[in-house]
Protein chains: 4
Amino acid sequence: MEIPNTMLAAFLAGPEQLIIKKIRTPKPGPEEVLIRVEACAICSSDISLIKKPWPGQPPYGYFIPGHEYSGIVVSCGETVDEVKVGDRVAVEVHYGCGRCDNCRVGNYTACLNWGNKKKGHRANGLTTAGGFSQYVINHISTVYKIPDSLSFEEASLVTNLGCVLYGFETAGGYIVGDYVAIIGEGPLGLIALQVAKTLGAEKVYLIGIDPHRLNVGKELGADRIIYAKDENPLEIIKRDTKGVGVDLSIEASGSIDGLRMSEKISKWMGKILLLGIPEGSIDINFHDLARGNKTIFTVRGEGWRNCKRGISLLRNKRINLKPLVTHMFPLNKINEALKTHIEKIDEAIKVIIKPNY
Amino acid sequence: MEIPNTMLAAFLAGPEQLIIKKIRTPKPGPEEVLIRVEACAICSSDISLIKKPWPGQPPYGYFIPGHEYSGIVVSCGETVDEVKVGDRVAVEVHYGCGRCDNCRVGNYTACLNWGNKKKGHRANGLTTAGGFSQYVINHISTVYKIPDSLSFEEASLVTNLGCVLYGFETAGGYIVGDYVAIIGEGPLGLIALQVAKTLGAEKVYLIGIDPHRLNVGKELGADRIIYAKDENPLEIIKRDTKGVGVDLSIEASGSIDGLRMSEKISKWMGKILLLGIPEGSIDINFHDLARGNKTIFTVRGEGWRNCKRGISLLRNKRINLKPLVTHMFPLNKINEALKTHIEKIDEAIKVIIKPNY
Amino acid sequence: MEIPNTMLAAFLAGPEQLIIKKIRTPKPGPEEVLIRVEACAICSSDISLIKKPWPGQPPYGYFIPGHEYSGIVVSCGETVDEVKVGDRVAVEVHYGCGRCDNCRVGNYTACLNWGNKKKGHRANGLTTAGGFSQYVINHISTVYKIPDSLSFEEASLVTNLGCVLYGFETAGGYIVGDYVAIIGEGPLGLIALQVAKTLGAEKVYLIGIDPHRLNVGKELGADRIIYAKDENPLEIIKRDTKGVGVDLSIEASGSIDGLRMSEKISKWMGKILLLGIPEGSIDINFHDLARGNKTIFTVRGEGWRNCKRGISLLRNKRINLKPLVTHMFPLNKINEALKTHIEKIDEAIKVIIKPNY
Amino acid sequence: MEIPNTMLAAFLAGPEQLIIKKIRTPKPGPEEVLIRVEACAICSSDISLIKKPWPGQPPYGYFIPGHEYSGIVVSCGETVDEVKVGDRVAVEVHYGCGRCDNCRVGNYTACLNWGNKKKGHRANGLTTAGGFSQYVINHISTVYKIPDSLSFEEASLVTNLGCVLYGFETAGGYIVGDYVAIIGEGPLGLIALQVAKTLGAEKVYLIGIDPHRLNVGKELGADRIIYAKDENPLEIIKRDTKGVGVDLSIEASGSIDGLRMSEKISKWMGKILLLGIPEGSIDINFHDLARGNKTIFTVRGEGWRNCKRGISLLRNKRINLKPLVTHMFPLNKINEALKTHIEKIDEAIKVIIKPNY
C-alpha cells in the first residue's frame, strides 16, 4: 500500500480552534504500526479538551485530537508480527508506561506517568497525536484486528464498547439474572444496555430524557424505557422489585440527577457503576449509600484488554453499533461535525470523521 | 388444591433396591412448602447412591432419593409468602445449617454440618426425602417460581443449570471474548456450552466420544465439535490459538482422560473448572499446571442463588433444555427408567420420572 | 449457674428516655442461648436511635437497646453444642433471615427482611432486645467464645473490630506494603489503624482533630499522626508519595470534610472505604473520583464471620482494645454513661455499661 | 562509582558445567540499570536448569544463570529516575513483553512471549544474563530500593518472599483468623509460615521431615511443628479443627506426598496453594477435591509487584530472612556452593554467591 510523504491532520491551534495542516507522514518505530485512519468518532471528551486543555495535552499547534478510530495497517515497525500490512484494525486509547505501580499490575489506563511520553506513556488523541488525521502511529499493544463484517465506522466505536465492558468487569462481571438500570441514553448508555442484556440480565431499564434515543434503546433491547420527564424511575423500579432496587445501576449521563438516582435505585449490597464522568462536585446521599452497603465503581478508559473482548462480541453479532453511527463528515468539515455532535443536529448520536475521503 | 392423605414414593430398601410404598403425605412446617412433584430427573449421583450409600444418607427403608425436581406448591407453612398455593416451582438441592463457618458466608452447598438434620441441614434426595415421590417438603429457601413457558420436565433440570452457573461464577464469571473448551457431552457439558456461548465466549469447543450427543451439542451452539476418538483436541486447540490454549477449560466428563486433557489445553494463567466429579485418584501433570500458573476450580452443588439466575436465563430463552429431556416414565417404572439412564437406551440424555402420572 | 426469674433492663420509653424496668428473664428457644451480660458498650448508633427511632426498631416501651456486648452463657437451647454453660462469649449484632437474596449468599448484615422478626431477622439492640440488660437471648450464629486473656470490656468491642475487618475484607483484604490513611480518631479509626498495621501496610496515617485521641493512635502504632487543624493532610501525603496518594483511604469520621478528604488523598486506582456513616447528602468531587478510577466501598455491620476473625487477632495479641475502654458504669447510671459518651467527658472513648454490677 | 571494563561471570558451558569467564562489562540501555551484584542466592531451579536446559534458556556458552540477587546501582540508562547510582537494590526475575494477552493485564510472570527477547521478554538468570556475575543489566521495572537495615544477603531472597506473597495474593490474600498448614520446610515454606503469621492466621502448622529446618520454623513463629516421619499431620489437624481441616494449605515441598497431603488436610471450600513445583504427573484424590469444593492455586514467579510489597515487610521487621542465609561463597567457588546447596551440607538452607568478593 502506497504511503504519501505528506498527510492532512486537524491541529488544535487554540481554544476551540481546529485547523487542517499538511505535515510529513510519520514512520513507525519498533513495536509500532502506521494506520491509515478510515473513521474517527467524535467523543464528548474531544469537545471538552478542544475547549480547555486536559492534563498531559500537548501545547496548541502541536496536538492532533481524536481517540476513537479505526483504519488499515499500512506499515509495521520492527518486531511487529501481531498484524500485517493491509489488516483492518480498531484501536484502544491508552498505552501505559509499563513501569509505574499501576501499569505493572495491568491498570494501564490509570498510568501514574500519565502524559510522560519519555517514560513511554501514550494516549493517542489525548496526550499524543490522534485520529483526526489521515495517518497515525500506534503501539502494537493498542491495535486489534477486526472482522470484515464490521464497518470502519462501527469499529471506531470499539473504545466505547471497551470502556463499557471494562466497567462491567470492574463491577464483577457476572450479572446473570440481575436487575440492571442504565441512566443516560448517550452512546455509552446505549452500549451498556446491550452488554447487560447479552451477559444475561433479567431486566434492563434505560432511563433518559431524549425520546428519540430512548426509542433507539428500545430497539436495541432495553426491557423497559423510562422517560424521566414523565415517569418516576425510583417508583417504577421499587414496584418491580418489591421495594428492593436493582442489583446494578449504571450512571452513563454524567449529570447530577443521574448520579443521585443511581444511588437511590440500587439495592442493599447493590453496585453503582459510573461510566459518565461528572463535571465536578456532586452531593449524593452517602447515609443511604453506607447503610445500604453499596459500592461505587468508576472506570477510566477501556482497560484490561476489553477492546479485544468487545471485538469478539461484535464478530459474534452480540452487540449492534450500527444505530449509533448517524453522521459522517470528511476531515475538512470537522468543525461542522463537532457542531453536529454538540447540538445533536438531526438526532446525531455518533458523528464520525473520515480523514481519507 | 386437594391433598390426599397418602402418597406413593420410591424408597431405597437396600443396594439397588428401589420399592414403591404408600405413606402418609407430609405437612409443611414453618418456612416450608409442600410440593406436588410433576417431574423428577435421574442424575448419575442417584445411580451411585442407590448402589452404595453416600455420607449422610438415611438408612435403607427410610430414604426417598431424587434431587432434581419441579412441581406445584400445594400447601405453605407458617411465614411463607414468597410463593403461594398453585405456583409452579423448581427447587435447589442444598439447604445448609445456616450456622457453620461455611453457611455463614453463603457457602451452603458445602455445609460443615452435612447430614445433620437436627442442626438444620437438608439436601432433599441426598440426606432427606427427595422427589421420587408424589409430594415432597422443601424449605422456602430452596424453592423458585418458574415461568409458564417452562415445562416441568425442563424445570427439573434447573439444578443442573444452577450447578453449571455456580461453576462459571466460581471461576470468575466474566468470559467475554474468551476461548472455552468443554470436555464431556453429558447434561452438564451440554448446558455448559450454552452458558459459555450466552456469556459471550469467542469460541466454544465441545469434546466428547458420543457422536449423537456431540451432534446435540452442535445444534445447541458449540462452535467446534471435537470427536475425541478421531481427532486430537490438543492439536486442534493449539493450532487455533497459536499455541496458547484456552482461557477456560471445563471438565464435565468425570473421566481420567478428560481431567488430564483439561490441564493440557488450558493456557498459562488459564482456569480449569471441574463440573464432573471423578471417581477417585487421578494423576495429572502438576508440573505443567504449576509452571503455567493455572488454577483448578471445583463446584459442589448449585450454590449462590444460581438456580434463580438459571431460571432467568430460561425465562429469557437464553438456554434451551428441551433437547436434553429425552425420556419420561411414571413412578412405578422407576427401575426401567434407571436402566434407561445407565445404558443410555435409545440415546437417552435425561430420563425423567413423573410421579403423579 | 443460677438464673433469676426476673432481671433489670433499660427500656426506651420515648425519645431520649431510657428507664430501668424489672421484667421476666427470657428463656432460650432452639438454636438460642441466654447470656448474662457482663459488659455492653455504648455506640454512637445508640445515641442516634435513642433520639429518633431507626427503621425496624420496636415501639417505645418495648425496646431494650445495646448491641455491643459480651457475657457468660448461662443456658443453651435445643441443638446448641457450639458453646456450653459457663463459656465467656462475645456477640455479633446481625442475624439475617437466611432466606432473602442477600442472606442466601452470606450478606446477612444487609438482610432484605430487615426488622421482620417473623421471617427470622434479628439485630439485637437494633430490632430486637439488646444488651443494656442483665440477660439477653442470642441466636447461636451470633455468639463466639473468647479467650480468658480478654476482658469482658474489651470483648464488648468485638463488633467494632468485626466491622473494621469486614471493611478491609470488602475492600480486598490484601494491603501488604500499601499506604493507608485513616480519617477519624474515634473507636473505628483507632481500630482500623491497628488492623492496617497488622495486615502489613507500609505506612499508616491517622488524621483527626482531637489531640488526645490522636496521641492514643500514636501509641497504638500509627506511623504518622496528622492533626488536621494545624497540618494539611493532602500536602503531607502527596509529598510522601511523590504526588501519587494512598492506596487505601478509610473514612471513619462520618464528617463532610473527612469524606471529601478521603477522595482527594487516594491514588488513581485507589480504594476508599467508608466506616463512618455520614448524616445525609454530601458533595464530593466525582469528577476526580471517576477520572482517577477510584472505588468507594461501604460496610454495614460486622459481616462475613469477621467477629470470629477479630477474636483470633485479639487472642494472638495483634490488636489492643484496652486503651479504648475508658469508662464503666452500672446499669442504673446509664443516662450518665450516655452523657459521658456524647460529651466525651474525661476523654472518654468507649463507655461501657456493666448490667450485673 | 568506577565500573571496570571487564568483569567475571559464571557461564553454563554444558550440562553441569559452570565456568568462570572474563567478559566486557555491559552498558545499560534506555529504561535499564547496571547493577554491581553483591549477593546472588542459589535456587533449586538453578540446579535443575544447570542439569538440563529450561525452555527459553540461551545456548551453552552464552548463558549466565542466577536469578535471586541484590546489589548496588552503578549506572542508569536513559529515562531512569526511579533509582540513582549508589542505591542498594533487590530485583525481581520476570519482565514480560508487555504486549501479549497476559502481560497486558499484569500477569507478566506468565508472559506468552516467554524467552522471546526480541519482543521484550526477559527473565534474568533464566532466559537472559543473570546474577552469577559481577555486574548485570536490569530493566527498571525489576529493580527495587532496599532499606539500609537489610543486608544484601537477605535482599537476595526478596524474589522468594515475592513469590510467596504472590501466592497469598493469588489465593485471596485475606486469612485473618484462618488455620493454615505449610507442607515443606525449605526456604519457601519457612517464608510462607512467617507470611501466614504476619497476615493474622489463627494457627500455622509447619509439616516436614528435616528436624533442623523444622526447628528453624519453630523459631520463626510456626505454632505447631509436625515432624511427618513420626506424626500424622491429617490426624493432628482434624483433631484440632473438629474434623473440618485447614482453610488454606500450602504445598511448598514439591513432593508427591506433600501434594496429596495438601488436598486431604484442607477443609470443604478450602484453598490449596502450590508454591513448590512438582516434577511431573502426580495422582491426588480428585473425588474428594471436587466434592469438597476445594480450589487449587498455583504461582509462577513473584508477580504483581509483590517484591516491592515484600521489601516493605522486611523494612518493617515483619519477616526475618536472616536464619535462611546460612552459607556464602565467592564466585570462583560456585561449584562448591552448588554442592553445598544440593547436599544441604552443614545444614545449608540458602547458599549465596558473592561475585565481588
# chains A, B, ... in the order shown; residues from 1 in each chain; ligands from 1

$ residues_around --residues "A:Ala171" --least-positions-apart "4" --cutoff "9 Å" --atoms "only C-alpha atoms" --output "number ranges by chain"
A: 166-167, 248, 271-273, 295-298

$ interface_residues --of "chain B" --to "chain A" --cutoff "6 Å" --atoms "only C-alpha atoms" --output "PyMOL selection string"
chain B and resi 173-174+176-177+199+202+309+312

$ write_last_selection --atoms "all heavy atoms" --output "tab-separated table (two decimals), in the first residue's frame"
chain	number	residue	atom	x	y	z
B	173	GLY	N	-16.62	-15.77	36.32
B	173	GLY	CA	-17.91	-15.34	35.79
B	173	GLY	C	-17.86	-14.42	34.59
B	173	GLY	O	-18.90	-14.16	33.97
B	174	TYR	N	-16.69	-13.94	34.23
B	174	TYR	CA	-16.60	-12.99	33.12
B	174	TYR	C	-15.72	-13.60	32.03
B	174	TYR	O	-14.51	-13.71	32.20
B	174	TYR	CB	-16.01	-11.67	33.62
B	174	TYR	CG	-15.95	-10.57	32.57
B	174	TYR	CD1	-17.10	-9.94	32.14
B	174	TYR	CD2	-14.72	-10.17	32.03
B	174	TYR	CE1	-17.05	-8.93	31.20
B	174	TYR	CE2	-14.66	-9.15	31.09
B	174	TYR	CZ	-15.83	-8.54	30.68
B	174	TYR	OH	-15.78	-7.53	29.74
B	176	VAL	N	-16.16	-12.87	28.45
B	176	VAL	CA	-16.38	-12.22	27.15
B	176	VAL	C	-15.13	-12.33	26.28
B	176	VAL	O	-14.04	-11.93	26.69
B	176	VAL	CB	-16.77	-10.75	27.34
B	176	VAL	CG1	-16.81	-10.03	26.00
B	176	VAL	CG2	-18.12	-10.65	28.04
B	177	GLY	N	-15.28	-12.89	25.09
B	177	GLY	CA	-14.18	-12.97	24.16
B	177	GLY	C	-13.21	-14.10	24.42
B	177	GLY	O	-12.21	-14.23	23.71
B	199	LEU	N	-22.72	-16.20	27.64
B	199	LEU	CA	-21.93	-15.20	28.37
B	199	LEU	C	-20.86	-14.56	27.49
B	199	LEU	O	-20.05	-13.79	27.98
B	199	LEU	CB	-21.30	-15.83	29.62
B	199	LEU	CG	-22.28	-16.26	30.71
B	199	LEU	CD1	-21.54	-16.73	31.96
B	199	LEU	CD2	-23.23	-15.12	31.09
B	202	GLU	N	-15.71	-16.29	22.86
B	202	GLU	CA	-15.34	-16.13	21.45
B	202	GLU	C	-15.58	-17.43	20.69
B	202	GLU	O	-16.12	-17.44	19.60
B	202	GLU	CB	-13.86	-15.72	21.36
B	202	GLU	CG	-13.21	-15.87	20.01
B	202	GLU	CD	-13.74	-14.91	18.96
B	202	GLU	OE1	-14.44	-13.96	19.31
B	202	GLU	OE2	-13.45	-15.13	17.76
B	309	ARG	N	-30.80	-17.59	39.16
B	309	ARG	CA	-30.18	-16.97	37.98
B	309	ARG	C	-30.49	-17.81	36.73
B	309	ARG	O	-30.78	-17.27	35.66
B	309	ARG	CB	-28.67	-16.87	38.17
B	309	ARG	CG	-28.23	-15.90	39.25
B	309	ARG	CD	-26.70	-15.80	39.31
B	309	ARG	NE	-26.18	-15.05	40.43
B	309	ARG	CZ	-26.02	-13.73	40.47
B	309	ARG	NH1	-26.36	-13.01	39.41
B	309	ARG	NH2	-25.52	-13.12	41.53
B	312	SER	N	-33.86	-17.31	35.28
B	312	SER	CA	-33.92	-16.07	34.49
B	312	SER	C	-33.44	-16.31	33.06
B	312	SER	O	-34.06	-15.84	32.10
B	312	SER	CB	-33.06	-14.99	35.18
B	312	SER	OG	-32.94	-13.85	34.35

$ atom_distance --atom1 "atom CA of C:Leu193" --atom2 "atom CA of C:Ala181"
8.2 Å

$ select_by_dssp --residues "stretch 219-301 of chain D" --states "helix (DSSP H, G or I)" --output "list of chain:residue names"
D:Glu219, D:Pro233, D:Leu234, D:Glu235, D:Ile236, D:Ile237, D:Lys238, D:Arg239, D:Asp240, D:Ile256, D:Asp257, D:Gly258, D:Leu259, D:Arg260, D:Met261, D:Ser262, D:Glu263, D:Lys264, D:Phe286, D:His287, D:Asp288, D:Leu289, D:Ala290, D:Arg291

$ atom_distance --atom1 "atom CA of B:Lys51" --atom2 "atom CA of B:Arg213"
25.9 Å

$ residues_around --residues "A:Gly125" --least-positions-apart "2" --cutoff "7 Å" --atoms "only C-alpha atoms" --output "number ranges by chain"
A: 64-67, 123, 127-131
